[in-house]
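Peer 1: Structure file entry_6.cif (mmCIF, C-alpha atoms and all ligand atoms) right here:
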data_start
loop_
_atom_site.label_atom_id
_atom_site.label_comp_id
_atom_site.auth_asym_id
_atom_site.auth_seq_id
_atom_site.Cartn_x
_atom_site.Cartn_y
_atom_site.Cartn_z
CA MET L 511 14.75 9.92 -12.06
CA ILE L 512 11.55 8.06 -12.91
CA ASN L 513 8.33 9.84 -11.94
CA VAL L 514 5.49 7.45 -11.15
CA ALA L 515 1.92 8.46 -10.27
CA PHE L 516 -0.69 5.92 -9.21
CA VAL L 517 -4.30 6.90 -9.85
CA CYS L 518 -7.71 5.70 -8.68
CA LEU L 519 -11.07 7.40 -8.21
CA GLY L 520 -10.95 8.79 -4.67
CA ASN L 521 -7.22 8.56 -3.81
CA ILE L 522 -8.00 7.16 -0.35
CA CYS L 523 -7.89 3.37 -0.99
CA ARG L 524 -6.17 1.81 -4.02
CA SER L 525 -3.78 4.45 -5.35
CA PRO L 526 -2.32 5.46 -1.97
CA MET L 527 -1.94 1.73 -1.19
CA ALA L 528 -0.03 1.38 -4.49
CA GLU L 529 2.06 4.48 -3.75
CA LEU L 530 3.11 3.20 -0.31
CA ILE L 531 3.62 -0.43 -1.41
CA PHE L 532 5.76 0.62 -4.40
CA THR L 533 7.72 3.11 -2.28
CA GLY L 534 8.55 0.25 0.13
CA MET L 535 9.58 -2.05 -2.74
CA VAL L 536 12.00 0.41 -4.32
CA LYS L 537 13.48 1.25 -0.89
CA GLU L 538 14.06 -2.46 -0.20
CA ARG L 539 15.95 -2.75 -3.49
CA GLY L 540 18.06 0.36 -2.79
CA LEU L 541 16.43 2.26 -5.67
CA ALA L 542 14.59 5.01 -3.77
CA SER L 543 16.78 7.81 -5.13
CA SER L 544 15.85 6.83 -8.70
CA PHE L 545 12.13 7.46 -8.14
CA ARG L 546 9.60 10.15 -7.34
CA ILE L 547 6.37 8.33 -6.43
CA THR L 548 2.97 9.80 -5.67
CA SER L 549 -0.75 9.17 -6.17
CA PHE L 550 -3.90 11.02 -7.19
CA GLY L 551 -7.64 10.64 -7.59
CA THR L 552 -9.49 11.33 -10.82
CA SER L 553 -12.20 12.90 -8.63
CA ASP L 554 -11.99 15.57 -5.93
CA CYS L 555 -14.57 13.74 -3.76
CA GLU L 556 -12.01 12.85 -1.05
CA GLU L 557 -9.62 15.82 -1.51
CA GLY L 558 -7.69 16.50 1.73
CA ASN L 559 -8.62 13.20 3.38
CA PRO L 560 -6.09 10.66 4.74
CA VAL L 561 -5.86 7.02 3.63
CA TYR L 562 -9.19 5.29 4.39
CA ALA L 563 -8.91 3.50 7.75
CA PRO L 564 -9.46 -0.11 6.50
CA ALA L 565 -6.88 0.45 3.72
CA LYS L 566 -4.43 1.89 6.25
CA LYS L 567 -5.04 -1.08 8.60
CA THR L 568 -4.33 -3.52 5.76
CA LEU L 569 -1.08 -1.71 4.95
CA ILE L 570 -0.01 -1.77 8.61
CA MET L 571 -0.80 -5.50 8.90
CA HIS L 572 1.54 -6.11 5.96
CA GLY L 573 4.28 -3.89 7.41
CA VAL L 574 3.87 -1.08 4.87
CA PRO L 575 4.45 2.33 6.51
CA GLY L 576 3.54 5.84 5.35
CA ASN L 577 0.67 8.25 4.90
CA HIS L 578 -0.97 10.18 2.10
CA ILE L 579 -3.44 13.03 1.74
CA ALA L 580 -5.91 12.74 -1.15
CA LYS L 581 -5.57 15.09 -4.09
CA GLN L 582 -7.15 15.29 -7.53
CA ILE L 583 -4.97 14.86 -10.61
CA SER L 584 -4.57 17.73 -13.09
CA LEU L 585 -3.28 17.85 -16.65
CA LYS L 586 0.00 19.27 -15.29
CA ASP L 587 0.45 16.14 -13.14
CA VAL L 588 -0.02 13.94 -16.21
CA ILE L 589 2.59 15.98 -18.09
CA ASN L 590 5.05 15.87 -15.16
CA ASN L 591 5.00 12.09 -14.68
CA ASP L 592 6.59 9.35 -16.78
CA TYR L 593 4.18 6.60 -15.78
CA ILE L 594 0.55 7.15 -14.78
CA LEU L 595 -0.69 3.82 -13.47
CA VAL L 596 -4.44 3.52 -13.03
CA MET L 597 -6.37 0.86 -11.15
CA ASP L 598 -9.26 0.21 -13.53
CA SER L 599 -10.80 0.91 -16.93
CA SER L 600 -12.98 3.67 -15.53
CA ASN L 601 -9.88 5.55 -14.22
CA LEU L 602 -8.30 5.13 -17.68
CA LEU L 603 -11.33 6.64 -19.44
CA ASP L 604 -11.47 9.52 -16.94
CA LEU L 605 -7.80 10.33 -17.61
CA LEU L 606 -8.15 10.12 -21.38
CA ARG L 607 -11.07 12.54 -21.03
CA LEU L 608 -8.90 14.88 -18.93
CA THR L 609 -6.06 14.80 -21.48
CA GLY L 610 -8.26 14.87 -24.59
CA GLY L 611 -6.79 11.49 -25.57
CA LYS L 612 -3.18 12.69 -25.34
CA PHE L 613 -0.37 11.02 -23.34
CA GLY L 614 -2.02 7.62 -23.84
CA GLU L 615 1.40 5.97 -24.11
CA LYS L 616 2.23 6.74 -20.48
CA ILE L 617 -1.21 6.06 -18.98
CA LYS L 618 -1.48 2.34 -18.24
CA LYS L 619 -3.45 0.02 -16.01
CA LEU L 620 -1.24 -1.15 -13.12
CA ARG L 621 -2.03 -4.80 -13.72
CA SER L 622 -1.25 -4.55 -17.46
CA PHE L 623 2.31 -5.50 -16.42
CA THR L 624 1.10 -8.84 -15.01
CA SER L 625 0.06 -12.03 -16.83
CA ASP L 626 -3.50 -11.48 -15.50
CA PRO L 627 -4.33 -7.86 -16.37
CA HIS L 628 -7.73 -7.48 -14.71
CA ASP L 629 -8.88 -4.28 -13.01
CA VAL L 630 -8.03 -3.74 -9.33
CA ALA L 631 -11.56 -3.94 -7.91
CA ASP L 632 -12.42 -1.00 -5.68
CA PRO L 633 -12.45 -2.16 -2.02
CA TRP L 634 -14.61 0.88 -1.21
CA TYR L 635 -17.40 -1.21 -2.79
CA THR L 636 -16.13 -4.82 -2.45
CA ARG L 637 -14.86 -4.29 1.14
CA ASP L 638 -12.11 -6.81 0.24
CA PHE L 639 -8.99 -4.84 1.17
CA GLU L 640 -6.81 -7.97 1.26
CA LYS L 641 -7.66 -8.78 -2.37
CA ALA L 642 -6.95 -5.18 -3.39
CA PHE L 643 -3.64 -5.35 -1.50
CA ALA L 644 -2.60 -8.62 -3.22
CA ASP L 645 -3.64 -7.37 -6.69
CA ILE L 646 -1.76 -4.09 -6.19
CA CYS L 647 1.37 -5.85 -4.83
CA GLU L 648 1.54 -8.14 -7.84
CA GLY L 649 1.04 -5.19 -10.20
CA CYS L 650 3.80 -3.21 -8.47
CA GLU L 651 6.22 -6.17 -8.51
CA CYS L 652 5.65 -6.77 -12.24
CA PHE L 653 5.94 -3.04 -13.02
CA LEU L 654 9.27 -2.87 -11.13
CA ASP L 655 10.54 -6.00 -12.96
CA TYR L 656 9.58 -4.31 -16.25
CA LEU L 657 11.48 -1.14 -15.30
CA LEU L 658 14.54 -3.09 -14.15
CA LYS L 659 14.71 -4.61 -17.64
CA GLU L 660 13.67 -1.59 -19.72
CA LYS L 661 15.41 1.15 -17.71
CA ALA L 662 18.53 -0.72 -16.57
CA CYS L 663 20.69 2.12 -17.97
CA ALA L 664 18.86 4.74 -15.88
CA PHE L 665 19.44 2.77 -12.66
CA GLU L 666 23.11 2.25 -13.53
CA TYR L 667 23.47 5.99 -14.18
CA ASP L 668 21.80 6.87 -10.85
CA LYS L 669 24.16 4.49 -9.01
CA ARG L 670 27.20 6.26 -10.49
CA HIS L 671 26.01 9.84 -9.72
P1 LIG H 1 -10.47 4.57 -4.30
O1 LIG H 1 -11.87 4.21 -3.59
O2 LIG H 1 -10.84 5.11 -5.68
O3 LIG H 1 -9.75 3.27 -4.38
O4 LIG H 1 -9.83 5.59 -3.41
C1 LIG H 1 -12.96 5.10 -3.44
C2 LIG H 1 -12.98 6.01 -2.42
C3 LIG H 1 -14.07 6.86 -2.25
C4 LIG H 1 -15.15 6.76 -3.12
C5 LIG H 1 -15.12 5.85 -4.15
C6 LIG H 1 -14.02 5.01 -4.32
N1 LIG H 1 -16.28 7.61 -2.94
O5 LIG H 1 -17.27 7.43 -3.68
O6 LIG H 1 -16.25 8.50 -2.08
#
Take the structure in this file and express it as structure tokens.
Ligand code: 4NP
Peer 2:
Amino acid sequence: MINVAFVCLGNICRSPMAELIFTGMVKERGLASSFRITSFGTSDCEEGNPVYAPAKKTLIMHGVPGNHIAKQISLKDVINNDYILVMDSSNLLDLLRLTGGKFGEKIKKLRSFTSDPHDVADPWYTRDFEKAFADICEGCECFLDYLLKEKACAFEYDKRH
């Protein structure tokens, strides 16, 4: 089982989009039982709120189902996940502050797995939900390709059990 948590600031736009996109990708590849996937915000500013309507509309237009309720990440959540994938440098700094600089090896920017590792700009401010969707999709695809290479044994094991 690989535990993946996507993280942004509010947990109503980028990280729930990543959670739902990545969930769809692993399902399509028959790998759903190998993963536990969720998302969090570094802030509690949107705690309890559903996915922001324009983000939800973008997901629906691309055929990505699912819902999410915003929650703030805690130190326990960092400990309990294998990969904490943040959207931008500010999320990374917030998490390193939360952990006191620990667990740095499992806290990575989502797009660090791509050949163009820029931040996923926050569509809350840019209003460009399509760009956020495309940037997140590419990050998720490259992250899954990385896992399929690095964790091939884990997937083989899950298939046998
Ligand atoms: P997210 O976007 O971090 O991608 O969920 C934001 C959502 C809400 C706020 C900021 C960013 N806000 O300031 O309330």
Peer 1: Considering all atoms listed in the file, can you say which of L:Arg607, L:His572, L:Arg637, L:Lys567 comes closest to ligand LIG 1 (chain H)?
Peer 2: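 That would be L:Arg637, the residue with the smallest distance to ligand LIG 1 (chain H).
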Peer 1: Counting only C-alpha atoms and all ligand atoms, what are the residues of chain L within 6 Å of ligand LIG 1 (chain H), and for each of them which pair of atoms is the nearest and at what distance in Å, to one decimal? Sort the table by chain and rising number, as a tab-separated table.
Peer 2:
residue	atom	partner	partner_atom	distance
L:Cys518	CA	H:LIG1	O2	4.4
L:Leu519	CA	H:LIG1	O2	3.4
L:Gly520	CA	H:LIG1	O4	3.6
L:Asn521	CA	H:LIG1	O4	4.0
L:Ile522	CA	H:LIG1	O4	3.9
L:Cys523	CA	H:LIG1	O4	3.8
L:Arg524	CA	H:LIG1	O3	3.9
L:Cys555	CA	H:LIG1	O6	5.8
L:Asp632	CA	H:LIG1	O3	5.2
L:Trp634	CA	H:LIG1	O1	4.9
Peer 1: Distance atom CA of Leu541 of chain L-atom CA of Phe665 of chain L, one decimal place?
Peer 2: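 Straight-line distance from atom CA of Leu541 of chain L to atom CA of Phe665 of chain L works out to 7.6 Å.
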Peer 1: Please, what distance in Å, to one decimal, runs between atom CA of Lys618 of chain L and atom CA of Tyr656 of chain L?
Peer 2: 13.1 Å
Peer 1: From the list L:Tyr667, L:Ala542, L:Ile646, L:Leu595, which residue is nearest Lys616 of chain L when using only C-alpha atoms?
Peer 2: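 Looking only at the distances to Lys616 of chain L, the closest residue turns out to be L:Leu595.
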Peer 1: Hey, what's within 10 Å of Pro526 of chain L if we count only C-alpha atoms and toss same-chain stuff fewer than 3 positions away? As number ranges by chain, please?
Peer 2: L: 515-518, 520-523, 529-532, 548-551, 560-562, 565-566, 576-580
Peer 1: Render segment 521-532 of chain L from the structure in the preceding block as a file of all heavy atoms, as an mmCIF file, in the first residue's frame.
Peer 2:
data_model
loop_
_atom_site.group_PDB
_atom_site.id
_atom_site.type_symbol
_atom_site.label_atom_id
_atom_site.label_comp_id
_atom_site.auth_asym_id
_atom_site.auth_seq_id
_atom_site.Cartn_x
_atom_site.Cartn_y
_atom_site.Cartn_z
ATOM 1 N N ASN L 521 -7.097 23.552 0.217
ATOM 2 C CA ASN L 521 -7.675 22.214 0.021
ATOM 3 C C ASN L 521 -9.088 22.272 -0.589
ATOM 4 O O ASN L 521 -9.904 21.414 -0.318
ATOM 5 C CB ASN L 521 -7.682 21.417 1.339
ATOM 6 C CG ASN L 521 -7.945 19.927 1.188
ATOM 7 O OD1 ASN L 521 -8.567 19.314 2.055
ATOM 8 N ND2 ASN L 521 -7.499 19.320 0.119
ATOM 9 N N ILE L 522 -9.317 23.319 -1.410
ATOM 10 C CA ILE L 522 -10.588 23.348 -2.157
ATOM 11 C C ILE L 522 -10.368 23.437 -3.670
ATOM 12 O O ILE L 522 -11.306 23.257 -4.435
ATOM 13 C CB ILE L 522 -11.528 24.493 -1.709
ATOM 14 C CG1 ILE L 522 -10.861 25.852 -1.857
ATOM 15 C CG2 ILE L 522 -12.033 24.259 -0.286
ATOM 16 C CD1 ILE L 522 -11.834 27.019 -1.722
ATOM 17 N N CYS L 523 -9.135 23.749 -4.113
ATOM 18 C CA CYS L 523 -8.877 23.828 -5.567
ATOM 19 C C CYS L 523 -7.851 22.785 -6.005
ATOM 20 O O CYS L 523 -8.213 21.721 -6.502
ATOM 21 C CB CYS L 523 -8.387 25.234 -5.961
ATOM 22 S SG CYS L 523 -9.568 26.555 -5.634
ATOM 23 N N ARG L 524 -6.552 23.095 -5.830
ATOM 24 C CA ARG L 524 -5.510 22.268 -6.462
ATOM 25 C C ARG L 524 -5.370 20.874 -5.866
ATOM 26 O O ARG L 524 -5.304 19.879 -6.605
ATOM 27 C CB ARG L 524 -4.158 23.000 -6.403
ATOM 28 C CG ARG L 524 -4.107 24.247 -7.243
ATOM 29 C CD ARG L 524 -2.925 25.108 -6.869
ATOM 30 N NE ARG L 524 -3.036 25.603 -5.493
ATOM 31 C CZ ARG L 524 -2.084 26.235 -4.839
ATOM 32 N NH1 ARG L 524 -0.923 26.449 -5.445
ATOM 33 N NH2 ARG L 524 -2.270 26.664 -3.610
ATOM 34 N N SER L 525 -5.269 20.777 -4.534
ATOM 35 C CA SER L 525 -4.984 19.431 -3.982
ATOM 36 C C SER L 525 -6.169 18.470 -4.113
ATOM 37 O O SER L 525 -5.948 17.292 -4.411
ATOM 38 C CB SER L 525 -4.448 19.494 -2.546
ATOM 39 O OG SER L 525 -5.377 20.052 -1.657
ATOM 40 N N PRO L 526 -7.433 18.921 -3.958
ATOM 41 C CA PRO L 526 -8.506 17.963 -4.246
ATOM 42 C C PRO L 526 -8.568 17.610 -5.731
ATOM 43 O O PRO L 526 -8.914 16.479 -6.088
ATOM 44 C CB PRO L 526 -9.786 18.659 -3.754
ATOM 45 C CG PRO L 526 -9.432 20.083 -3.567
ATOM 46 C CD PRO L 526 -7.957 20.147 -3.333
ATOM 47 N N MET L 527 -8.226 18.568 -6.620
ATOM 48 C CA MET L 527 -8.163 18.227 -8.052
ATOM 49 C C MET L 527 -7.131 17.121 -8.250
ATOM 50 O O MET L 527 -7.379 16.123 -8.930
ATOM 51 C CB MET L 527 -7.778 19.462 -8.903
ATOM 52 C CG MET L 527 -8.878 20.497 -9.039
ATOM 53 S SD MET L 527 -8.282 22.008 -9.849
ATOM 54 C CE MET L 527 -8.632 21.636 -11.560
ATOM 55 N N ALA L 528 -5.956 17.273 -7.625
ATOM 56 C CA ALA L 528 -4.894 16.262 -7.761
ATOM 57 C C ALA L 528 -5.351 14.923 -7.180
ATOM 58 O O ALA L 528 -5.122 13.866 -7.786
ATOM 59 C CB ALA L 528 -3.632 16.748 -7.051
ATOM 60 N N GLU L 529 -5.998 14.970 -6.027
ATOM 61 C CA GLU L 529 -6.478 13.725 -5.393
ATOM 62 C C GLU L 529 -7.423 12.973 -6.341
ATOM 63 O O GLU L 529 -7.283 11.764 -6.554
ATOM 64 C CB GLU L 529 -7.217 14.052 -4.089
ATOM 65 C CG GLU L 529 -7.879 12.839 -3.461
ATOM 66 C CD GLU L 529 -8.805 13.180 -2.284
ATOM 67 O OE1 GLU L 529 -8.657 14.263 -1.687
ATOM 68 O OE2 GLU L 529 -9.672 12.348 -1.979
ATOM 69 N N LEU L 530 -8.370 13.702 -6.928
ATOM 70 C CA LEU L 530 -9.392 13.046 -7.757
ATOM 71 C C LEU L 530 -8.819 12.616 -9.114
ATOM 72 O O LEU L 530 -9.152 11.546 -9.630
ATOM 73 C CB LEU L 530 -10.606 13.964 -7.911
ATOM 74 C CG LEU L 530 -11.283 14.309 -6.567
ATOM 75 C CD1 LEU L 530 -12.391 15.344 -6.761
ATOM 76 C CD2 LEU L 530 -11.855 13.059 -5.888
ATOM 77 N N ILE L 531 -7.930 13.439 -9.673
ATOM 78 C CA ILE L 531 -7.282 13.078 -10.952
ATOM 79 C C ILE L 531 -6.418 11.822 -10.749
ATOM 80 O O ILE L 531 -6.494 10.865 -11.535
ATOM 81 C CB ILE L 531 -6.412 14.259 -11.468
ATOM 82 C CG1 ILE L 531 -7.309 15.407 -11.947
ATOM 83 C CG2 ILE L 531 -5.459 13.789 -12.568
ATOM 84 C CD1 ILE L 531 -6.568 16.727 -12.173
ATOM 85 N N PHE L 532 -5.616 11.821 -9.688
ATOM 86 C CA PHE L 532 -4.707 10.684 -9.459
ATOM 87 C C PHE L 532 -5.503 9.421 -9.118
ATOM 88 O O PHE L 532 -5.154 8.320 -9.569
ATOM 89 C CB PHE L 532 -3.708 11.031 -8.342
ATOM 90 C CG PHE L 532 -2.572 10.052 -8.247
ATOM 91 C CD1 PHE L 532 -1.651 9.928 -9.273
ATOM 92 C CD2 PHE L 532 -2.422 9.243 -7.132
ATOM 93 C CE1 PHE L 532 -0.598 9.013 -9.200
ATOM 94 C CE2 PHE L 532 -1.383 8.327 -7.037
ATOM 95 C CZ PHE L 532 -0.460 8.218 -8.083
#
